[in-house]
Every structure is written in structure tokens, then in C-alpha cells.
$ cat entry.cif   # mmCIF, C-alpha atoms
data_start
loop_
_atom_site.label_atom_id
_atom_site.label_comp_id
_atom_site.auth_asym_id
_atom_site.auth_seq_id
_atom_site.Cartn_x
_atom_site.Cartn_y
_atom_site.Cartn_z
CA MET A 28 88.77 -15.30 -34.47
CA LEU A 29 85.19 -14.28 -33.79
CA LEU A 30 86.07 -10.81 -34.99
CA ARG A 31 87.45 -12.18 -38.24
CA HIS A 32 84.20 -13.82 -39.26
CA LEU A 33 80.66 -12.64 -39.33
CA SER A 34 78.91 -13.89 -36.20
CA ILE A 35 75.46 -14.77 -37.39
CA MET A 36 74.44 -16.29 -34.09
CA VAL A 37 75.12 -13.08 -32.23
CA ILE A 38 72.61 -11.46 -34.51
CA ALA A 39 70.25 -14.40 -34.27
CA PHE A 40 69.98 -14.51 -30.48
CA SER A 41 70.00 -10.78 -30.10
CA LEU A 42 67.22 -10.30 -32.58
CA ALA A 43 64.92 -12.86 -30.74
CA ALA A 44 68.63 -11.53 -33.65
CA CYS A 45 78.61 -46.10 -63.05
CA GLY A 46 78.51 -49.71 -63.54
CA ASN A 47 78.67 -51.92 -66.63
CA SER A 48 77.76 -50.11 -69.83
CA GLY A 49 76.76 -53.36 -71.55
CA ASP A 50 73.39 -53.93 -69.88
CA VAL A 51 71.69 -50.88 -68.52
CA ALA A 52 68.01 -51.43 -67.93
CA GLU A 53 65.79 -48.47 -68.56
CA ALA A 54 63.12 -47.73 -66.00
CA PRO A 55 59.61 -48.00 -67.34
CA ALA A 56 58.24 -44.66 -68.43
CA THR A 57 55.46 -44.92 -65.86
CA GLU A 58 58.03 -44.79 -63.05
CA ILE A 59 59.29 -41.36 -63.97
CA ASP A 60 56.95 -38.50 -63.35
CA GLY A 61 57.24 -34.94 -64.61
CA ALA A 62 59.13 -33.66 -61.59
CA GLU A 63 61.75 -36.37 -61.90
CA VAL A 64 62.17 -35.63 -65.60
CA ALA A 65 62.76 -31.98 -64.74
CA THR A 66 65.52 -32.87 -62.30
CA ILE A 67 67.40 -35.13 -64.70
CA THR A 68 66.98 -33.02 -67.83
CA GLU A 69 69.53 -30.29 -68.29
CA ILE A 70 67.88 -26.91 -68.52
CA ALA A 71 69.18 -24.92 -71.48
CA VAL A 72 70.45 -21.45 -70.64
CA GLU A 73 69.86 -18.69 -73.10
CA GLY A 74 71.22 -15.31 -74.04
CA PRO A 75 74.55 -13.62 -73.38
CA GLU A 76 76.49 -14.37 -70.25
CA ARG A 77 75.35 -12.26 -67.31
CA ARG A 78 78.22 -11.55 -64.93
CA ILE A 79 77.37 -10.99 -61.28
CA LEU A 80 80.06 -10.00 -58.78
CA ALA A 81 79.28 -11.21 -55.26
CA PHE A 82 81.33 -8.82 -53.13
CA GLY A 83 81.30 -9.39 -49.39
CA ASP A 84 82.70 -11.14 -46.34
CA SER A 85 82.69 -14.71 -44.97
CA LEU A 86 79.01 -15.17 -45.86
CA PHE A 87 79.98 -14.95 -49.53
CA ALA A 88 83.41 -16.56 -49.09
CA GLY A 89 81.74 -19.82 -48.01
CA TYR A 90 83.61 -20.20 -44.74
CA GLY A 91 83.70 -23.85 -43.63
CA LEU A 92 82.01 -25.15 -46.79
CA GLU A 93 83.09 -27.09 -49.85
CA GLU A 94 84.01 -25.03 -52.89
CA GLN A 95 80.65 -25.39 -54.65
CA GLN A 96 78.52 -24.87 -51.53
CA GLY A 97 78.95 -21.14 -51.04
CA TYR A 98 76.36 -18.52 -51.79
CA PRO A 99 77.86 -17.33 -55.12
CA GLU A 100 78.16 -20.89 -56.40
CA GLN A 101 74.68 -21.96 -55.34
CA LEU A 102 73.23 -18.70 -56.66
CA GLU A 103 74.81 -19.36 -60.06
CA ASP A 104 73.24 -22.82 -60.13
CA ALA A 105 69.86 -21.39 -59.19
CA MET A 106 70.03 -18.71 -61.87
CA ARG A 107 71.06 -21.21 -64.53
CA ALA A 108 68.24 -23.52 -63.45
CA ARG A 109 65.96 -20.66 -64.46
CA GLY A 110 67.55 -20.58 -67.92
CA ILE A 111 69.65 -17.48 -67.18
CA ASN A 112 73.20 -17.65 -68.51
CA ALA A 113 74.62 -16.44 -65.20
CA ARG A 114 78.24 -16.36 -64.07
CA VAL A 115 78.54 -15.43 -60.40
CA ILE A 116 82.05 -14.42 -59.33
CA ASP A 117 82.92 -15.07 -55.70
CA ALA A 118 84.60 -11.94 -54.31
CA GLY A 119 84.01 -12.67 -50.64
CA VAL A 120 86.82 -12.26 -48.10
CA SER A 121 86.33 -13.57 -44.58
CA GLY A 122 86.67 -10.90 -41.93
CA ASP A 123 86.21 -7.96 -44.24
CA THR A 124 84.73 -4.82 -42.78
CA SER A 125 83.19 -2.13 -44.95
CA ALA A 126 86.53 -0.28 -44.78
CA ALA A 127 88.40 -3.32 -46.11
CA GLY A 128 85.81 -3.71 -48.86
CA ARG A 129 86.21 -0.06 -49.76
CA GLN A 130 89.97 -0.51 -50.09
CA ARG A 131 89.74 -3.49 -52.47
CA LEU A 132 86.63 -2.74 -54.53
CA ALA A 133 88.25 -0.77 -57.37
CA PHE A 134 91.07 -3.31 -57.68
CA THR A 135 88.57 -6.17 -57.77
CA LEU A 136 86.53 -4.46 -60.47
CA ASP A 137 89.62 -3.65 -62.53
CA ALA A 138 90.68 -7.32 -62.33
CA GLN A 139 87.46 -8.58 -63.95
CA ALA A 140 87.63 -9.85 -67.54
CA ALA A 141 84.49 -7.83 -68.27
CA LYS A 142 82.43 -5.28 -66.40
CA PRO A 143 79.90 -6.97 -64.15
CA ASP A 144 76.23 -6.66 -65.06
CA LEU A 145 75.45 -6.51 -61.33
CA VAL A 146 77.31 -6.23 -58.05
CA ILE A 147 75.80 -7.80 -54.94
CA LEU A 148 77.23 -5.81 -52.03
CA GLU A 149 77.20 -7.70 -48.72
CA LEU A 150 79.18 -6.11 -45.89
CA GLY A 151 78.66 -4.43 -42.54
CA GLY A 152 78.25 -7.29 -40.06
CA ASN A 153 81.91 -7.23 -39.05
CA ASP A 154 81.69 -3.47 -38.56
CA MET A 155 78.98 -4.08 -35.99
CA LEU A 156 80.92 -6.84 -34.22
CA ARG A 157 83.93 -4.54 -33.90
CA GLY A 158 81.83 -1.71 -32.57
CA ILE A 159 82.54 0.53 -35.56
CA GLN A 160 80.17 3.46 -35.51
CA PRO A 161 77.38 3.45 -38.12
CA ASP A 162 78.50 6.80 -39.56
CA GLN A 163 81.86 5.25 -40.46
CA THR A 164 80.15 2.23 -42.00
CA ARG A 165 77.89 4.58 -43.95
CA ALA A 166 80.88 6.57 -45.26
CA ASN A 167 82.54 3.38 -46.51
CA PHE A 168 79.36 2.24 -48.23
CA GLU A 169 78.93 5.65 -49.81
CA ALA A 170 82.45 5.45 -51.27
CA MET A 171 81.77 1.96 -52.68
CA LEU A 172 78.39 2.94 -54.09
CA GLU A 173 79.87 6.05 -55.69
CA GLU A 174 82.58 3.91 -57.28
CA LEU A 175 79.95 1.56 -58.68
CA ARG A 176 77.75 4.43 -59.84
CA ASP A 177 80.69 6.07 -61.64
CA ARG A 178 81.26 2.78 -63.45
CA GLU A 179 77.53 2.48 -64.23
CA ILE A 180 77.20 -0.90 -62.48
CA PRO A 181 73.84 -1.73 -60.86
CA VAL A 182 73.93 -2.77 -57.22
CA LEU A 183 71.94 -5.08 -54.97
CA LEU A 184 72.52 -4.26 -51.29
CA MET A 185 72.23 -7.12 -48.82
CA GLY A 186 71.05 -5.51 -45.61
CA MET A 187 71.95 -6.48 -42.06
CA ARG A 188 70.49 -5.66 -38.65
CA SER A 189 72.03 -4.71 -35.36
CA PRO A 190 71.13 -6.59 -32.17
CA PRO A 191 69.43 -4.49 -29.50
CA ASN A 192 72.25 -4.94 -26.96
CA TYR A 193 74.31 -2.42 -28.94
CA GLY A 194 71.97 0.27 -27.71
CA GLU A 195 68.88 1.86 -29.15
CA GLU A 196 70.66 4.68 -30.98
CA TYR A 197 73.30 2.40 -32.53
CA GLN A 198 70.62 -0.05 -33.62
CA ARG A 199 68.50 2.70 -35.15
CA GLN A 200 71.39 4.19 -37.13
CA PHE A 201 72.82 0.86 -38.28
CA ASP A 202 69.50 -0.66 -39.32
CA ALA A 203 68.50 2.47 -41.25
CA LEU A 204 71.66 2.90 -43.30
CA TYR A 205 70.98 0.14 -45.86
CA GLY A 206 67.55 1.41 -46.83
CA GLU A 207 68.69 5.02 -46.90
CA LEU A 208 71.73 4.22 -49.04
CA ALA A 209 69.66 2.10 -51.42
CA GLN A 210 67.31 5.01 -51.95
CA GLU A 211 70.08 7.59 -52.29
CA TYR A 212 72.07 5.55 -54.81
CA ASP A 213 69.12 3.92 -56.60
CA ALA A 214 70.27 0.44 -55.56
CA ALA A 215 68.10 -2.64 -55.16
CA LEU A 216 67.78 -3.85 -51.57
CA VAL A 217 67.21 -6.99 -49.54
CA PRO A 218 66.44 -5.39 -46.16
CA PHE A 219 67.74 -8.28 -44.01
CA TRP A 220 69.15 -11.06 -46.14
CA LEU A 221 69.51 -13.57 -43.27
CA GLU A 222 65.81 -13.33 -42.47
CA SER A 223 64.97 -16.86 -43.64
CA ILE A 224 67.54 -18.70 -41.47
CA TYR A 225 68.71 -16.68 -38.49
CA GLU A 226 66.38 -18.33 -35.98
CA ASP A 227 67.14 -21.94 -37.05
CA GLN A 228 70.31 -23.26 -35.36
CA SER A 229 70.23 -26.42 -37.51
CA LEU A 230 71.17 -24.28 -40.52
CA PHE A 231 74.50 -23.26 -38.98
CA LEU A 232 77.84 -25.05 -38.65
CA ASP A 233 79.03 -26.41 -35.31
CA ASP A 234 80.69 -23.05 -34.66
CA ARG A 235 77.18 -21.58 -34.53
CA ILE A 236 78.50 -18.71 -36.62
CA HIS A 237 78.41 -19.69 -40.30
CA PRO A 238 75.58 -21.24 -42.34
CA THR A 239 75.70 -24.86 -43.43
CA ALA A 240 75.35 -25.71 -47.11
CA GLU A 241 71.64 -26.21 -46.41
CA GLY A 242 71.50 -22.80 -44.79
CA ILE A 243 73.08 -21.24 -47.87
CA THR A 244 70.52 -23.07 -50.02
CA GLU A 245 67.76 -21.46 -47.97
CA LEU A 246 69.35 -18.04 -48.41
CA VAL A 247 69.64 -18.54 -52.16
CA GLU A 248 66.02 -19.65 -52.44
CA ASP A 249 64.95 -16.62 -50.44
CA THR A 250 66.96 -14.06 -52.44
CA VAL A 251 67.23 -15.39 -56.02
CA ASP A 252 64.11 -13.46 -57.05
CA ASP A 253 65.73 -10.27 -55.77
CA VAL A 254 68.91 -11.00 -57.71
CA GLU A 255 67.00 -11.71 -60.90
CA ALA A 256 64.96 -8.54 -60.50
CA ALA A 257 68.10 -6.44 -59.90
CA LEU A 258 69.85 -7.84 -62.98
CA PRO A 259 69.33 -5.35 -65.82
CA PRO A 260 68.02 -6.54 -69.20
CA ALA A 261 70.67 -7.93 -71.52
CA GLY A 262 72.00 -5.25 -73.84
#
$ encode --input "entry.cif" --output "C-alpha cells"
Amino acid sequence: MLLRHLSIMVIAFSLAACGNSGDVAEAPATEIDGAEVATITEIAVEGPERRILAFGDSLFAGYGLEEQQGYPEQLEDAMRARGINARVIDAGVSGDTSAAGRQRLAFTLDAQAAKPDLVILELGGNDMLRGIQPDQTRANFEAMLEELRDREIPVLLMGMRSPPNYGEEYQRQFDALYGELAQEYDAALVPFWLESIYEDQSLFLDDRIHPTAEGITELVEDTVDDVEAALPPAG
């Protein structure tokens, strides 16, 4: 089972890796400050719908979480809180390697009601856990990035890191591939998207593998600027 899900903790340690409607009393205006007003007032979203495809493994699939607690769902909420008419589609599959992602990417894109404005590509951790060589991971990413380039879909790559116990050469090759691919295919990049949480065990489920809902919230807060920046202007 550990090989079917992305083992964040391996990386972490290795990198150290209503009531009655008749009488409702209103609170006095002086008891509600500006921040509270902001939280209870719905923020209007503007512009055309921006479709973002979150394509990845268990980190996007929301393993062990409620339906609305996963990264794509929380990211959509965060984008809409900024007034962006975002629709984030969850295309995460637990256990996916880059090879599995490569096999299903075109089908997933063809199944969309409209072409995504952005694809967030998050894979590679399961390759590392299975000992798949970085050159194979690179080849799978290249095929996916070429597919997305041919379809003229911008990409945000979510980078990962290898723990040092895989060996210096493996670590060097694996860690470098995200930045090199981002440059080669003109993709936006988050160099290590777990940076904000990987050292904090309280942000992981009891399995010490997958982030809690709070952990996902931290990840969204840390990466929402990158997502917004990677999203092209509305046409």
C-alpha cells in the first residue's frame, strides 16, 4: 500500500526530507469589525470561468480527506475568494506514477467539456518510491508536456525532491528534472510544492503519509499565488 500512495513522510525525514426565524436579534454594528464582515460577505467573482485541471496523484486526489478538503477543492475556494471565477477539476489518481499519468492524460483532456485554461501537473513522487530511474520519469514528463504544448495549454509544474538515501546521482538527476523541463517547455514551476509542510508532522494524517485538511490549506496558501500567476489572461 505504501507504493500506491505518495509517501510524504519518507521525503520529509530524508530531507531533514438555524433556529426560530421569528425573532432573530441582530448584533450591534460595533461588535462586527471589518475582518468579520469580510468573512461573512460573499465575494463576487468576475469574468469568464477559468478552468484549471489539477492532474496528479494522491496529493491531488485528497486521499483520506472529505470531498471538499482536497487540494483542487480548496484551491478553487481560494481562487474564488480572490474574485477569480475559477473551476478547478480534480484529476488526481492515488498511486499514479508518471507513466500512468502519461497513459491517461490525453483521455482526460478529451473528456473535458472545454479546454482547460491551465493544467497543474503534479506527479513523480511515486516514481521515486518505486525506484524508477529519473531518465524514465523525465521521458514520461516530456511526453505529457509535449501533449499539452500541442494543445496549447499552459502548464504549472509542481516539483518534488528526492531524499538523499537514494544516492547522490539519483538525487541530483531527479531534483533537476522539474526545473529543466519547466525551462525547456516554457512551463511555470513550483520547485518543491511541499516545502511549507514537510517538516511538520501535525499536518499529516495518522498514516504519516498524507496531509490533513489543514496541511492542504497550508499548501494552497503557499501556492495560490503561483497558480494565479500561471493562469493566462482571459481571452
$ residues_around --input "entry.cif" --residues "Ala256 in chain A" --least-positions-apart "2" --cutoff "12 Å" --atoms "all atoms listed in the file" --output "PyMOL selection string"
chain A and resi 106+145+181-183+214-217+250-254+258-260
$ closest_residue --input "entry.cif" --among "A:Glu169, A:Glu196, A:Asp84, A:Asp162" --to "His237 in chain A" --atoms "all atoms listed in the file"
A:Asp84
$ resolve_selection --input "entry.cif" --expression "the PyMOL selection byres ((chain A and resi 148) around 8)" --output "tab-separated table (two decimals) with C-alpha atoms, in the coordinates of the input"
chain	number	residue	atom	x	y	z
A	81	ALA	CA	79.28	-11.21	-55.26
A	82	PHE	CA	81.33	-8.82	-53.13
A	83	GLY	CA	81.30	-9.39	-49.39
A	146	VAL	CA	77.31	-6.23	-58.05
A	147	ILE	CA	75.80	-7.80	-54.94
A	149	GLU	CA	77.20	-7.70	-48.72
A	150	LEU	CA	79.18	-6.11	-45.89
A	182	VAL	CA	73.93	-2.77	-57.22
A	183	LEU	CA	71.94	-5.08	-54.97
A	184	LEU	CA	72.52	-4.26	-51.29
A	185	MET	CA	72.23	-7.12	-48.82
$ closest_residue --input "entry.cif" --among "A:Ala138, A:Leu221, A:Ala126, A:Val115" --to "Asn167 in chain A" --atoms "only C-alpha atoms"
A:Ala126
$ atom_distance --input "entry.cif" --atom1 "CA of Trp220 in chain A" --atom2 "CA of Asp249 in chain A"
8.2 Å
$ atom_distance --input "entry.cif" --atom1 "CA of Gly186 in chain A" --atom2 "CA of Val120 in chain A"
17.3 Å
$ atom_distance --input "entry.cif" --atom1 "CA of Glu179 in chain A" --atom2 "CA of Ala108 in chain A"
27.6 Å
$ resolve_selection --input "entry.cif" --expression "the PyMOL selection byres ((chain A and resi 86) around 9)" --output "ChimeraX atom specification"
/A:32-33,83-85,87-90,97-98,119-121,149,237-238,243
